[in-house]
Structures are given as structure tokens and as C-alpha cells.
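**Q** Below is the file data.cif, with mmCIF, C-alpha atoms.
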```
data_coords
loop_
_atom_site.label_atom_id
_atom_site.label_comp_id
_atom_site.auth_asym_id
_atom_site.auth_seq_id
_atom_site.Cartn_x
_atom_site.Cartn_y
_atom_site.Cartn_z
CA MET G 10 4.73 -25.97 37.61
CA ALA G 11 7.79 -24.09 38.81
CA ASP G 12 9.78 -25.85 36.14
CA ARG G 13 7.32 -24.82 33.48
CA ALA G 14 7.49 -21.20 34.56
CA GLY G 15 11.26 -21.59 34.64
CA TRP G 16 11.80 -22.65 31.05
CA GLN G 17 9.17 -20.23 29.84
CA GLY G 18 10.89 -17.34 31.57
CA VAL G 19 14.20 -18.32 30.02
CA VAL G 20 12.85 -18.48 26.49
CA GLU G 21 11.03 -15.20 27.03
CA SER G 22 14.11 -13.37 28.25
CA GLU G 23 16.20 -14.84 25.45
CA LEU G 24 13.63 -13.67 22.94
CA ARG G 25 13.75 -10.17 24.42
CA ALA G 26 17.54 -10.17 24.20
CA VAL G 27 17.44 -11.33 20.58
CA GLY G 28 14.84 -8.68 19.83
CA ARG G 29 17.27 -5.97 20.84
CA GLU G 30 19.78 -7.25 18.30
CA LEU G 31 17.59 -7.92 15.29
CA LEU G 32 18.55 -6.08 12.15
CA VAL G 33 16.08 -3.34 11.35
CA PRO G 34 16.99 -0.95 8.54
CA PRO G 35 16.96 2.73 9.41
CA ALA G 36 13.57 4.41 9.12
CA GLY G 37 13.14 7.22 6.64
CA ASP G 38 12.06 10.64 7.88
CA LEU G 39 8.41 10.56 6.93
CA THR G 40 7.24 13.74 8.59
CA ALA G 41 7.46 15.81 5.42
CA ALA G 42 5.91 13.16 3.18
CA VAL G 43 2.97 12.57 5.53
CA ARG G 44 2.47 16.31 5.88
CA ARG G 45 2.41 16.75 2.11
CA ARG G 46 -0.22 14.04 1.69
CA LEU G 47 -2.42 15.48 4.41
CA ASP G 48 -2.02 19.02 3.09
CA GLU G 49 -3.17 17.84 -0.33
CA GLU G 50 -6.15 16.06 1.16
CA THR G 51 -7.31 18.99 3.21
CA ALA G 52 -6.81 21.33 0.26
CA SER G 53 -8.88 19.18 -2.10
CA ARG G 54 -11.60 18.82 0.51
CA ARG G 55 -11.83 22.58 0.69
CA ARG G 56 -12.05 22.76 -3.09
CA LEU G 57 -14.88 20.28 -3.30
CA PRO G 58 -17.74 22.81 -3.67
CA ALA G 59 -16.00 24.27 -6.73
CA VAL G 60 -15.67 20.83 -8.23
CA ARG G 61 -19.30 20.06 -7.64
CA ALA G 62 -20.44 23.21 -9.37
CA GLY G 63 -18.07 23.28 -12.25
CA VAL G 64 -15.32 21.02 -13.35
CA LEU G 65 -17.15 17.79 -13.96
CA GLY G 66 -20.47 19.39 -14.72
CA ARG G 67 -23.58 19.18 -12.61
CA ARG G 68 -25.37 16.41 -14.44
CA TRP G 69 -22.72 13.73 -14.15
CA GLY G 70 -20.85 15.25 -11.32
CA TRP G 71 -20.52 14.00 -7.81
CA ARG G 72 -24.08 12.75 -7.60
CA ALA G 73 -23.18 10.27 -10.32
CA ALA G 74 -20.00 9.50 -8.47
CA LEU G 75 -21.99 8.68 -5.38
CA VAL G 76 -24.30 6.41 -7.33
CA ALA G 77 -21.27 4.65 -8.77
CA LEU G 78 -19.84 4.28 -5.32
CA VAL G 79 -22.98 2.63 -4.05
CA ALA G 80 -23.37 0.41 -7.09
CA PHE G 81 -19.83 -0.89 -6.87
CA LEU G 82 -19.23 -0.91 -3.21
CA ALA G 83 -18.79 -4.66 -3.28
CA VAL G 84 -15.91 -4.32 -5.68
CA LEU G 85 -14.31 -1.66 -3.56
CA VAL G 86 -14.57 -3.64 -0.38
CA ALA G 87 -13.19 -6.68 -2.14
CA THR G 88 -9.99 -4.94 -3.24
CA PRO G 89 -6.91 -6.22 -1.45
CA GLN G 90 -6.19 -2.77 -0.09
CA GLY G 91 -9.42 -2.97 1.90
CA ARG G 92 -9.69 0.74 1.52
CA ALA G 93 -11.63 2.13 4.39
CA VAL G 94 -11.92 5.71 3.25
CA ILE G 95 -12.67 6.60 -0.31
CA SER G 96 -13.26 10.27 -0.71
CA HIS G 97 -14.29 10.35 -4.36
CA VAL G 98 -14.90 7.70 -6.93
CA PHE G 99 -15.81 8.39 -10.48
CA ARG G 100 -16.37 5.87 -13.24
CA PHE G 101 -16.28 6.64 -16.87
CA ALA G 102 -15.72 4.58 -20.03
CA GLY G 103 -14.27 1.63 -18.19
CA VAL G 104 -12.05 3.79 -16.06
CA GLU G 105 -12.70 4.36 -12.42
CA LEU G 106 -11.24 7.52 -11.00
CA ARG G 107 -10.53 7.63 -7.34
CA GLN G 108 -9.23 10.48 -5.37
CA GLU G 109 -6.97 8.71 -2.97
CA PRO G 110 -3.48 7.26 -2.85
CA GLY G 111 -2.90 4.41 -5.29
CA PRO G 112 -1.67 0.93 -4.38
CA ALA G 113 1.94 0.28 -3.57
CA ARG G 114 3.78 0.07 -6.86
CA THR G 115 5.88 -2.93 -7.68
CA SER G 116 9.44 -2.13 -8.52
CA GLY G 117 10.82 -3.02 -11.91
CA SER G 118 8.91 -3.27 -15.14
CA THR G 119 5.16 -3.24 -15.09
CA ALA G 120 2.89 -5.02 -17.50
CA LEU G 121 -0.71 -5.92 -18.10
CA PRO G 122 -1.51 -9.60 -17.62
CA GLY G 123 -0.66 -11.84 -20.58
CA GLU G 124 0.79 -9.24 -22.94
CA ARG G 125 1.27 -10.48 -26.52
CA GLN G 126 2.73 -8.39 -29.27
CA MET G 127 1.31 -9.01 -32.75
CA PRO G 128 0.56 -7.27 -36.06
CA LEU G 129 -2.48 -4.99 -36.09
CA ASP G 130 -4.47 -7.20 -38.46
CA GLN G 131 -3.92 -10.23 -36.29
CA ALA G 132 -4.86 -8.25 -33.18
CA ARG G 133 -8.24 -7.47 -34.72
CA HIS G 134 -9.07 -11.18 -34.55
CA HIS G 135 -8.14 -11.40 -30.88
CA VAL G 136 -10.44 -8.73 -29.49
CA SER G 137 -14.21 -8.47 -29.33
CA PHE G 138 -14.36 -4.78 -30.25
CA PRO G 139 -13.27 -2.75 -33.29
CA ILE G 140 -9.73 -1.39 -32.89
CA LEU G 141 -9.65 2.31 -33.66
CA VAL G 142 -6.48 3.81 -35.13
CA PRO G 143 -5.93 7.58 -34.98
CA ALA G 144 -5.24 8.79 -38.53
CA VAL G 145 -3.14 11.62 -37.13
CA LEU G 146 -0.62 9.14 -35.72
CA GLY G 147 -0.85 6.55 -38.50
CA ARG G 148 0.05 2.90 -38.04
CA PRO G 149 1.28 2.07 -34.56
CA GLY G 150 4.87 0.93 -34.00
CA GLU G 151 3.71 -1.87 -31.72
CA VAL G 152 0.38 -3.53 -31.06
CA VAL G 153 0.01 -5.47 -27.81
CA VAL G 154 -3.01 -7.59 -26.91
CA SER G 155 -3.37 -8.30 -23.18
CA ASP G 156 -5.42 -10.41 -20.83
CA ARG G 157 -6.78 -12.76 -23.49
CA GLY G 158 -8.09 -10.05 -25.77
CA ARG G 159 -9.59 -7.80 -23.15
CA VAL G 160 -7.27 -4.88 -23.90
CA VAL G 161 -5.31 -3.79 -26.95
CA SER G 162 -2.55 -1.20 -26.71
CA LEU G 163 -1.25 0.78 -29.68
CA ILE G 164 2.23 2.07 -28.95
CA TYR G 165 3.82 4.90 -30.89
CA ARG G 166 7.43 5.45 -29.96
CA ARG G 167 8.36 8.20 -32.41
CA THR G 168 5.81 10.99 -32.41
CA PRO G 169 6.36 14.74 -32.07
CA TYR G 170 5.30 14.22 -28.43
CA GLY G 171 7.58 11.30 -27.66
CA LEU G 172 6.06 7.98 -26.56
CA VAL G 173 2.30 7.85 -26.96
CA ARG G 174 0.19 4.95 -25.79
CA LEU G 175 -3.42 4.23 -26.68
CA ASP G 176 -5.22 1.52 -24.68
CA GLU G 177 -8.52 0.30 -26.06
CA PHE G 178 -11.07 -1.99 -24.47
CA ALA G 179 -14.68 -2.98 -24.97
CA GLY G 180 -16.92 0.00 -24.32
CA HIS G 181 -19.29 -1.55 -21.82
CA LEU G 182 -19.70 0.84 -18.98
CA ASP G 183 -20.35 -1.90 -16.48
CA GLN G 184 -16.80 -3.10 -16.38
CA VAL G 185 -13.82 -1.43 -14.86
CA TYR G 186 -10.54 -1.86 -16.67
CA PHE G 187 -8.31 0.65 -15.01
CA GLU G 188 -8.27 2.46 -11.75
CA LYS G 189 -6.62 5.83 -11.73
CA PHE G 190 -5.68 7.74 -8.65
CA VAL G 191 -6.16 11.40 -9.33
CA HIS G 192 -7.00 14.72 -7.87
CA SER G 193 -10.37 15.99 -8.97
CA ARG G 194 -8.84 19.34 -9.71
CA ASN G 195 -6.75 17.70 -12.45
CA VAL G 196 -9.81 16.31 -14.24
CA THR G 197 -11.85 18.25 -16.79
CA LYS G 198 -14.71 17.27 -19.01
CA VAL G 199 -14.10 17.42 -22.74
CA GLU G 200 -15.88 16.41 -25.92
CA VAL G 201 -14.53 14.01 -28.54
CA ASN G 202 -16.56 13.77 -31.74
CA GLY G 203 -19.64 14.80 -29.82
CA ALA G 204 -19.13 12.22 -27.07
CA LYS G 205 -18.06 12.77 -23.51
CA GLY G 206 -14.45 12.50 -22.50
CA LEU G 207 -12.22 13.24 -19.55
CA TRP G 208 -8.95 15.11 -19.73
CA ILE G 209 -6.66 14.23 -16.84
CA LYS G 210 -3.71 16.50 -16.37
CA GLY G 211 -0.43 15.25 -15.02
CA PRO G 212 0.82 11.82 -14.04
CA GLN G 213 -1.47 9.55 -12.03
CA GLU G 214 -1.17 6.17 -10.51
CA LEU G 215 -2.85 3.64 -12.73
CA VAL G 216 -3.69 0.02 -12.10
CA TYR G 217 -5.36 -2.51 -14.35
CA VAL G 218 -8.46 -4.22 -12.98
CA THR G 219 -8.98 -7.82 -14.06
CA ARG G 220 -12.23 -9.52 -15.04
CA SER G 221 -12.75 -10.59 -11.47
CA GLY G 222 -12.61 -6.97 -10.34
CA ALA G 223 -9.30 -7.29 -8.56
CA PRO G 224 -6.55 -4.80 -9.34
CA ALA G 225 -3.54 -6.43 -11.01
CA ILE G 226 -0.83 -5.16 -8.72
CA ALA G 227 1.94 -5.95 -11.22
CA SER G 228 0.34 -3.42 -13.57
CA ALA G 229 0.42 -0.55 -11.10
CA ARG G 230 2.48 2.33 -12.42
CA LEU G 231 2.73 6.06 -12.66
CA THR G 232 1.48 7.38 -15.99
CA THR G 233 3.53 9.84 -18.01
CA GLY G 234 2.34 13.19 -19.29
CA ASN G 235 -1.42 13.65 -19.55
CA THR G 236 -4.29 11.31 -20.26
CA LEU G 237 -7.48 11.50 -22.29
CA VAL G 238 -10.27 9.01 -21.69
CA TRP G 239 -13.24 8.70 -24.00
CA GLY G 240 -15.62 6.16 -25.45
CA THR G 241 -17.59 5.46 -28.58
CA GLY G 242 -20.19 3.03 -27.29
CA LEU G 243 -18.33 0.03 -28.66
CA VAL G 244 -14.84 0.97 -27.60
CA ALA G 245 -13.41 2.81 -24.63
CA LEU G 246 -10.06 4.49 -25.12
CA ARG G 247 -7.25 5.88 -22.98
CA LEU G 248 -4.61 8.00 -24.63
CA GLU G 249 -1.47 8.66 -22.66
CA GLY G 250 1.57 10.77 -23.47
CA SER G 251 3.26 14.12 -23.10
CA LEU G 252 0.67 15.82 -25.25
CA GLY G 253 -1.26 19.01 -24.71
CA LYS G 254 -5.02 18.97 -24.62
CA ALA G 255 -5.43 20.24 -28.19
CA ALA G 256 -3.08 17.61 -29.61
CA ALA G 257 -4.76 14.85 -27.62
CA LEU G 258 -8.20 15.94 -28.83
CA ALA G 259 -6.96 16.07 -32.41
CA ILE G 260 -5.57 12.54 -32.14
CA ALA G 261 -8.75 11.29 -30.47
CA GLY G 262 -10.93 12.98 -33.07
CA SER G 263 -9.05 11.21 -35.86
CA ALA G 264 -9.46 7.72 -34.40
CA HIS G 265 -11.67 5.53 -36.55
CA MET W 19 -0.70 25.49 27.33
CA PRO W 20 0.57 28.87 28.51
CA ARG W 21 2.90 30.67 26.19
CA GLY W 22 6.57 30.50 27.03
CA VAL W 23 6.39 27.14 28.77
CA ARG W 24 9.09 25.16 27.05
CA ARG W 25 7.53 21.77 27.21
CA ALA W 26 6.99 19.44 24.32
CA ILE W 27 3.29 18.80 23.92
CA ASP W 28 2.24 15.39 25.17
CA ASP W 29 0.39 12.79 23.13
CA ALA W 30 -3.04 13.64 24.49
CA GLU W 31 -2.65 17.27 23.62
CA ALA W 32 -1.16 16.56 20.19
CA ILE W 33 -4.00 14.16 19.43
CA ALA W 34 -6.67 16.60 20.59
CA ARG W 35 -5.21 19.33 18.41
CA ALA W 36 -4.75 17.01 15.44
CA GLN W 37 -8.38 15.93 15.79
CA SER W 38 -9.39 19.50 15.19
CA GLY W 39 -7.25 19.57 12.04
CA ASP W 40 -3.95 20.91 13.38
CA LEU W 41 -1.38 19.32 11.05
CA ASP W 42 1.56 20.73 13.02
CA ALA W 43 0.37 18.90 16.09
CA TYR W 44 0.01 15.73 14.05
CA ALA W 45 3.56 16.17 12.74
CA VAL W 46 4.72 15.93 16.37
CA LEU W 47 3.06 12.52 16.64
CA VAL W 48 4.50 11.39 13.31
CA ALA W 49 8.01 12.36 14.39
CA ARG W 50 7.54 10.77 17.79
CA TYR W 51 6.22 7.41 16.56
CA THR W 52 7.96 6.90 13.22
CA LEU W 53 10.74 4.73 14.63
CA ARG W 54 8.41 2.50 16.58
CA ALA W 55 5.99 2.18 13.70
CA HIS W 56 8.82 1.41 11.31
CA ARG W 57 10.27 -1.26 13.58
CA ALA W 58 6.83 -2.83 13.90
CA ALA W 59 6.21 -2.76 10.15
CA PHE W 60 9.60 -4.28 9.41
CA LEU W 61 9.45 -7.02 12.03
CA LEU W 62 5.87 -7.91 11.11
CA GLY W 63 6.97 -8.48 7.52
CA ALA W 64 6.74 -5.27 5.49
CA GLY W 65 10.39 -5.68 4.43
CA GLU W 66 11.71 -2.99 2.16
CA GLU W 67 8.26 -1.48 1.94
CA SER W 68 8.31 -0.54 5.61
CA ASP W 69 8.66 3.19 4.98
CA ASP W 70 5.72 3.12 2.56
CA VAL W 71 3.64 1.14 5.00
CA VAL W 72 4.35 3.57 7.79
CA GLN W 73 3.60 6.58 5.64
CA GLU W 74 0.30 5.04 4.60
CA ALA W 75 -0.49 4.15 8.19
CA PHE W 76 0.09 7.69 9.39
CA VAL W 77 -2.13 9.11 6.65
CA LYS W 78 -4.88 6.63 7.50
CA ALA W 79 -4.48 7.20 11.21
CA PHE W 80 -5.06 10.90 10.67
CA ARG W 81 -8.23 10.19 8.72
CA HIS W 82 -9.50 7.91 11.49
CA LEU W 83 -8.44 10.14 14.32
CA SER W 84 -12.04 11.01 15.13
CA ARG W 85 -12.48 7.39 16.24
CA PHE W 86 -9.60 7.57 18.66
CA ARG W 87 -10.89 7.41 22.23
CA THR W 88 -9.53 10.09 24.50
CA GLY W 89 -7.20 8.65 27.10
CA GLU W 90 -6.31 5.46 25.27
CA PRO W 91 -2.59 5.00 24.52
CA PHE W 92 -1.63 6.09 21.01
CA ALA W 93 1.03 3.48 20.21
CA PRO W 94 -1.14 0.32 20.10
CA TRP W 95 -3.85 2.19 18.23
CA LEU W 96 -1.35 3.33 15.61
CA LEU W 97 0.44 -0.03 15.45
CA ARG W 98 -2.84 -1.76 14.72
CA ILE W 99 -3.11 0.34 11.56
CA VAL W 100 0.54 -0.39 10.80
CA ALA W 101 -0.04 -4.13 11.25
CA ASN W 102 -3.05 -3.99 8.99
CA GLU W 103 -1.17 -2.12 6.25
CA THR W 104 1.67 -4.61 6.60
CA ARG W 105 -0.75 -7.48 6.05
CA ASN W 106 -2.03 -5.81 2.89
CA VAL W 107 1.48 -5.46 1.53
CA ALA W 108 2.51 -8.97 2.53
CA ARG W 109 -0.59 -10.50 0.97
CA SER W 110 0.20 -9.05 -2.42
CA ARG W 111 3.77 -10.22 -2.24
CA ARG W 112 4.13 -13.69 -0.74
CA ARG W 113 7.91 -13.71 -0.71
CA ARG W 114 8.23 -15.00 2.74
CA ALA W 115 11.95 -15.83 2.57
CA ALA W 116 12.71 -12.17 2.07
CA LEU W 117 10.90 -11.37 5.30
CA ALA W 118 12.96 -13.57 7.57
CA LEU W 119 14.21 -11.86 10.70
CA ARG W 120 17.97 -11.51 10.80
CA LEU W 121 20.73 -10.85 13.26
CA PRO W 122 23.85 -8.91 12.32
CA SER W 123 26.43 -11.24 10.81
CA ALA W 124 28.84 -12.82 13.29
CA GLU W 125 31.78 -10.77 11.96
CA SER W 126 30.10 -7.42 12.46
CA SER W 127 28.61 -8.25 15.86
CA GLY W 128 32.07 -8.84 17.34
CA ALA W 129 31.29 -12.43 18.23
CA ALA W 130 33.64 -13.73 15.57
CA ALA W 131 34.67 -17.34 15.50
CA GLY W 132 37.95 -16.39 17.15
CA GLY W 133 36.26 -14.74 20.14
CA PRO W 134 35.78 -16.21 23.61
CA VAL W 135 33.93 -19.53 23.62
CA ASP W 136 31.00 -18.18 25.63
CA GLU W 137 30.44 -15.42 23.12
CA VAL W 138 30.57 -17.80 20.20
CA LEU W 139 28.07 -20.11 21.90
CA ALA W 140 25.76 -17.24 22.81
CA ALA W 141 25.87 -15.95 19.23
CA GLU W 142 25.08 -19.39 17.91
CA ARG W 143 22.22 -19.75 20.30
CA ARG W 144 20.75 -16.43 19.28
CA ALA W 145 21.07 -17.36 15.61
CA TRP W 146 19.33 -20.64 16.35
CA LEU W 147 16.52 -18.87 18.18
CA VAL W 148 15.94 -16.42 15.31
CA ALA W 149 15.87 -19.30 12.83
CA ALA W 150 13.35 -21.09 15.05
CA VAL W 151 11.16 -17.98 15.23
CA ASN W 152 11.35 -17.61 11.45
CA ALA W 153 10.17 -21.19 11.07
CA LEU W 154 7.06 -20.68 13.21
CA PRO W 155 3.58 -20.52 11.69
CA GLU W 156 2.81 -16.94 10.68
CA ARG W 157 0.42 -16.09 13.50
CA GLU W 158 2.66 -17.48 16.19
CA ARG W 159 5.56 -15.54 14.76
CA GLN W 160 3.47 -12.39 14.78
CA VAL W 161 2.47 -12.75 18.37
CA LEU W 162 6.08 -13.29 19.45
CA VAL W 163 7.15 -10.23 17.46
CA CYS W 164 4.53 -8.16 19.27
CA ARG W 165 5.17 -9.50 22.75
CA TYR W 166 8.95 -9.79 22.82
CA PHE W 167 10.42 -7.80 19.92
CA LEU W 168 8.06 -4.84 20.18
CA ASP W 169 7.66 -5.14 23.97
CA LEU W 170 3.88 -5.00 23.94
CA SER W 171 1.76 -6.31 26.78
CA GLU W 172 -0.76 -9.07 26.14
CA ALA W 173 -3.58 -6.53 25.95
CA GLU W 174 -1.62 -4.27 23.60
CA ALA W 175 -0.69 -7.18 21.35
CA ALA W 176 -4.37 -8.13 21.19
CA ARG W 177 -5.20 -4.60 20.11
CA VAL W 178 -2.45 -4.44 17.49
CA LEU W 179 -3.20 -7.85 15.97
CA ALA W 180 -6.97 -7.39 16.30
CA TRP W 181 -7.28 -10.75 18.04
CA PRO W 182 -9.15 -11.66 21.21
CA ARG W 183 -6.85 -11.55 24.20
CA GLY W 184 -7.32 -15.27 24.71
CA SER W 185 -5.82 -15.95 21.27
CA VAL W 186 -2.79 -13.86 22.10
CA LYS W 187 -2.33 -15.90 25.26
CA SER W 188 -2.82 -19.30 23.66
CA ARG W 189 -0.74 -18.59 20.57
CA THR W 190 2.09 -17.16 22.64
CA SER W 191 2.17 -20.21 24.82
CA ARG W 192 1.98 -22.54 21.84
CA ALA W 193 4.84 -20.68 20.16
CA LEU W 194 7.00 -20.79 23.27
CA LYS W 195 6.38 -24.52 23.63
CA ARG W 196 7.32 -25.05 20.03
CA LEU W 197 10.56 -23.14 20.55
CA ARG W 198 11.34 -25.22 23.63
CA GLY W 199 10.54 -28.38 21.73
CA ARG W 200 13.36 -27.50 19.38
CA LEU W 201 15.84 -27.01 22.18
CA VAL W 202 18.58 -29.57 22.34
CA PRO W 203 17.71 -32.00 25.20
CA GLY W 204 19.57 -31.12 28.35
CA GLU W 205 20.20 -27.59 27.17
CA GLN W 206 17.25 -26.29 29.09
CA ASN W 207 18.61 -27.06 32.57
CA ARG W 208 22.04 -25.78 31.80
CA VAL W 209 20.66 -22.50 30.59
CA SER W 210 18.16 -21.94 33.38
CA SER W 211 20.77 -22.55 36.04
CA GLY W 212 23.26 -20.22 34.37
#
```
Can the structure from this file be put into C-alpha cells for me?
**A**
Amino acid sequence: MADRAGWQGVVESELRAVGRELLVPPAGDLTAAVRRRLDEETASRRRLPAVRAGVLGRRWGWRAALVALVAFLAVLVATPQGRAVISHVFRFAGVELRQEPGPARTSGSTALPGERQMPLDQARHHVSFPILVPAVLGRPGEVVVSDRGRVVSLIYRRTPYGLVRLDEFAGHLDQVYFEKFVHSRNVTKVEVNGAKGLWIKGPQELVYVTRSGAPAIASARLTTGNTLVWGTGLVALRLEGSLGKAAALAIAGSAH
Amino acid sequence: MPRGVRRAIDDAEAIARAQSGDLDAYAVLVARYTLRAHRAAFLLGAGEESDDVVQEAFVKAFRHLSRFRTGEPFAPWLLRIVANETRNVARSRRRRAALALRLPSAESSGAAAGGPVDEVLAAERRAWLVAAVNALPERERQVLVCRYFLDLSEAEAARVLAWPRGSVKSRTSRALKRLRGRLVPGEQNRVSSG
């Protein structure tokens, strides 16, 4: 028994000695970053009553968000992040808005699963919904079909606003295609051709959600400019670029 | 605390204040525990995402602060959140090779091949031990990291890893046996007598 304790003690003390030498990169100073995040959270919590009364509108405001939260709790719990605290969740036109930090972003290029570039006419055969093209922007420079026809992206590289991207997906409200991580104060309700839409100001973290309901981590990225989300019943659309609200609404209004 | 007393606030006081929403008091805790949390995240496998993991852990810890029981030590409570965040990151990555624990290279540690024989042998032995730890099954590696590299007691390791204390005990002993099993025969006596 003494022998057993002997060898064990030796290995233990050697492990402790090795532990003191292991390479550990220097830690960043996180005090400021943590403070910023917490400041933002407390500030948005204080602003909540204003949001409830105004920005998103009473009828499909936070009560709807709560219903969505309950209805899709299983999905939320099943996400790899295992998010314990979700302050606000809002679903609209295949996009789920959450007010919380997004997932860790992968470095390098990001992509939707199974991206395939093809001509517009060919793309129409690969998706189950009509592809809408905004007349204001004309024919897209690139058309990319992803995830076996679940999403089509029209990419316009040379517009007066720089790069503009339009993602389209089937307009069933019971599926989530993207998760966005936003502040409720950056979201306003708009109207596109008489239908509801959401205008989201500023960059947000965006992640694509696969058929199984799991976020595709490789797709996680920070969006550029502003985003408009709207739907037509058959198609849900997400327009992204450095456009103002008026320009985005004009583009959206011309999509047919 | 009376005004003018130049004493850094202790954990209990910082926690109590942070629980009532004092972000300055929480910043004291963040500054105080960043290094430890970062070391834990890195050694448990967060790799280059360690800073992100720690930041996330501190934000979550603040949100959960109401569940913190007065009087309990802060470090294991925080490290449990760190360990959990690390698992989330590691699960979505699966590049285990990149997570291997490393010692400084022989050249930079001063134990160069030209150094005294004892030093060279000791350096080799340490390198061997780290390689053996890296080769352990994940859970055994984790428990060794907690117990010997993060200097946590059995009870603290159980808290951090969210395992029953019995599992910490049995996995530690299994891991130590496995390490011994890889010792060169005869080595054991020589080492324990020296």
C-alpha cells in the first residue's frame, strides 16, 4: 500500500511541476469588453417598456415573441450553445431575432451549406419557391443556391450602394432559416407592398439554421450595413447591404 | 466599508454589490479572475478561443449571479461556467490536435541538448509526461487538468466539471494508473528514491 501511495505521490508531484511550465498564451484584458456587454444589456433592459409600447407594435410585439419562445423552446434548448438565458426572441418570415450575443464566429470565409453558383434560370428549377428579382437592381451578378435548394442568394456587386445581397427562402413561417443577434432598439416595423417587414439597422451576427434546426456554425458572420426582412406568403426575403431605409424599401417594393 | 479605508474589496463584498447591479464591483471580480479563468479555458481545450470563452463566461456569470450562494468560493463557481463554455466551443470544433498541451521548446526553456545531463533527462521526462497526458481519454485529461494544472481540490474539481465527487476520484486514479503504466519499467523506483 505504501508503494502504491509512493508512486502515486511521485506522478502527482511531477504533474504539478509540469503544470507550472505548460505554455499558456497571455490572457487579454477583458474588463472593458465584459463591461461593455453588461452595460448594453442593462441599458436595453431599461428600454424594454418603450419597445413593448412602440417599436414593434403592440399586436405582434413581445407577447408574440413570448409565444414564439414557448412554441420553439425545444429548438432553443437543442442548440449547441445550450443558451440558458434568452432575453428576447422574435420570429418573422423565417428569421428568428434574438437579443443576445451570437455564437462564436469561425475565422476565415463563411458560407451557407452546399453553395452552388448557377444561372438564374437554372436556379429556378432548384428551389421550391418563386425567385423574386428586384426590378430596381436588375439581373443579379451572381446567383447561388444553397443547402439543396433551401435558399437562393442573389448577389449584386456593383450597385450605387456597393455589395447588396438578397437571400430568399420558402415563406413558411414554421421554419427558421437564419438567426440574427440584434438589439431590439435597432429593429423597426415597416411595410413592403402592404405586407409586414422588419428593418434592422446596423450590422448583426447572423447564422444559418439548417433543416434540423441546428445553427450552421460555419455560416456565422457579421452582416454589413442594414437589413430588411419581409415575406410574400410564398417567399421570405432578406436584403442586406449599405443601403438606407428608403432605398431598401424601394428595392423590396420592386421585387417580383 | 468606511470611507477612506484603503482596502481592496474582497470577493464576498464585490459579489454582494454586483448582485445588486453594481458593474464597477463586478469589474473588480473580472480583473481578479481573468487570468485564472483564461488558464482554465486554455488548458481545458478552448485554444485560441480562450479569450472569447472567458468573456462569455463572465457575461453569463453576471446574469446568473443571483444563483450564487453567499459564502461559497467564487473561483470554482466561475470555472464551472468557463468549463461549460469551453465544452461548447470544443464541440463545434473537434480539432483535438490543436488543443494538445505543450511545454516551451527545449531551446527556449534553457534545457538545451548541450546542458547538464540531469536537466536534459528532466526535460525529456516532462515532455513525455505531457505527451502521455495529451493521449489520455478526454475526461481523464480534464480531471488531471483540474486537479494538478489548475490546483483544484477534489471537491472543487467536481464542482467545475459538474461530476459527482466519486467520478473525480475514480477518474483521477484511473488516469494516474494509466500514466504509470506508460512509465518505463524500473524508472519508478529510481525516481521515487531520488
**Q** Scan for residues within 8 Å of the point (1.2, -4.2, 6.3) in the coordinates of the file, using all atoms listed in the file, and reply as a list in words.
**A**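 Here the neighbourhood of the point contains Ala59, Leu62, Gly63, Ala64, Val71, Val100, Ala101, Asn102, Glu103, Thr104, Arg105, Asn106, Val107 and Ala108 of chain W.
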**Q** For atom CA of Pro139 of chain G and atom CA of Ile260 of chain G, determine how far apart the two atoms are, in Å to one decimal place.
**A**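 Separation of atom CA of Pro139 of chain G and atom CA of Ile260 of chain G: 17.2 Å.
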**Q** The PyMOL selection byres ((chain W and resi 155) around 12) - which residues does that actually catch in the file I just gave you? List them as a list in words.
**A**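 What the PyMOL selection byres ((chain W and resi 155) around 12) grabs from the file is Arg114, Ala150, Val151, Asn152, Ala153, Leu154, Glu156, Arg157, Glu158, Arg159, Gln160, Val161, Leu162, Arg189, Thr190, Arg192, Ala193, Arg196 and Leu197 of chain W.
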**Q** If I take atom CA of Leu179 of chain W and atom CA of Glu31 of chain W, how far is one from the other in Å, to one decimal?
**A**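 Those two atoms sit 26.3 Å apart.
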**Q** Within 8 Å of (-5.1, -7.8, -31.1), all atoms listed in the file: residues as a count of residues only?
**A** 15
**Q** Taking all atoms listed in the file into account, name the residue in W:Leu83, W:Val178, W:Ala30, W:Ala141 that is nearest to Ala58 of chain W.
**A** W:Val178
**Q** Could you tell me how far atom CA of Leu141 of chain G lies from atom CA of Leu121 of chain G, in Å and to one decimal?
**A**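 We find that atom CA of Leu141 of chain G and atom CA of Leu121 of chain G lie 19.7 Å from each other.
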**Q** Give me the box for segment 12-27 of chain G as JSON, namely the centre and edge lengths in Å to one decimal of a box along x, y and z that holds every listed atom plus 5 Å on each side.
**A**
```
{"center_x": 12.4, "center_y": -18.0, "center_z": 28.4, "size_x": 20.2, "size_y": 25.7, "size_z": 25.6}
```
**Q** Counting all atoms listed in the file, which of G:Ile209, G:Leu246, G:Val160, G:Leu146 gets nearest to Leu175 of chain G?
**A**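 Residue with the minimum atom-to-atom distance to Leu175 of chain G: G:Leu246.
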**Q** How would you write, as a count of residues only, the residues chosen by the PyMOL selection byres ((chain G and resi 239) around 12) on this structure?
**A** 43
**Q** Taking all atoms listed in the file into account, which of W:Asp29, W:Ala36, W:Ala118, W:Ser188 comes nearest Gly89 of chain W?
**A**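 Checking each candidate against Gly89 of chain W, we get W:Asp29 as the closest.
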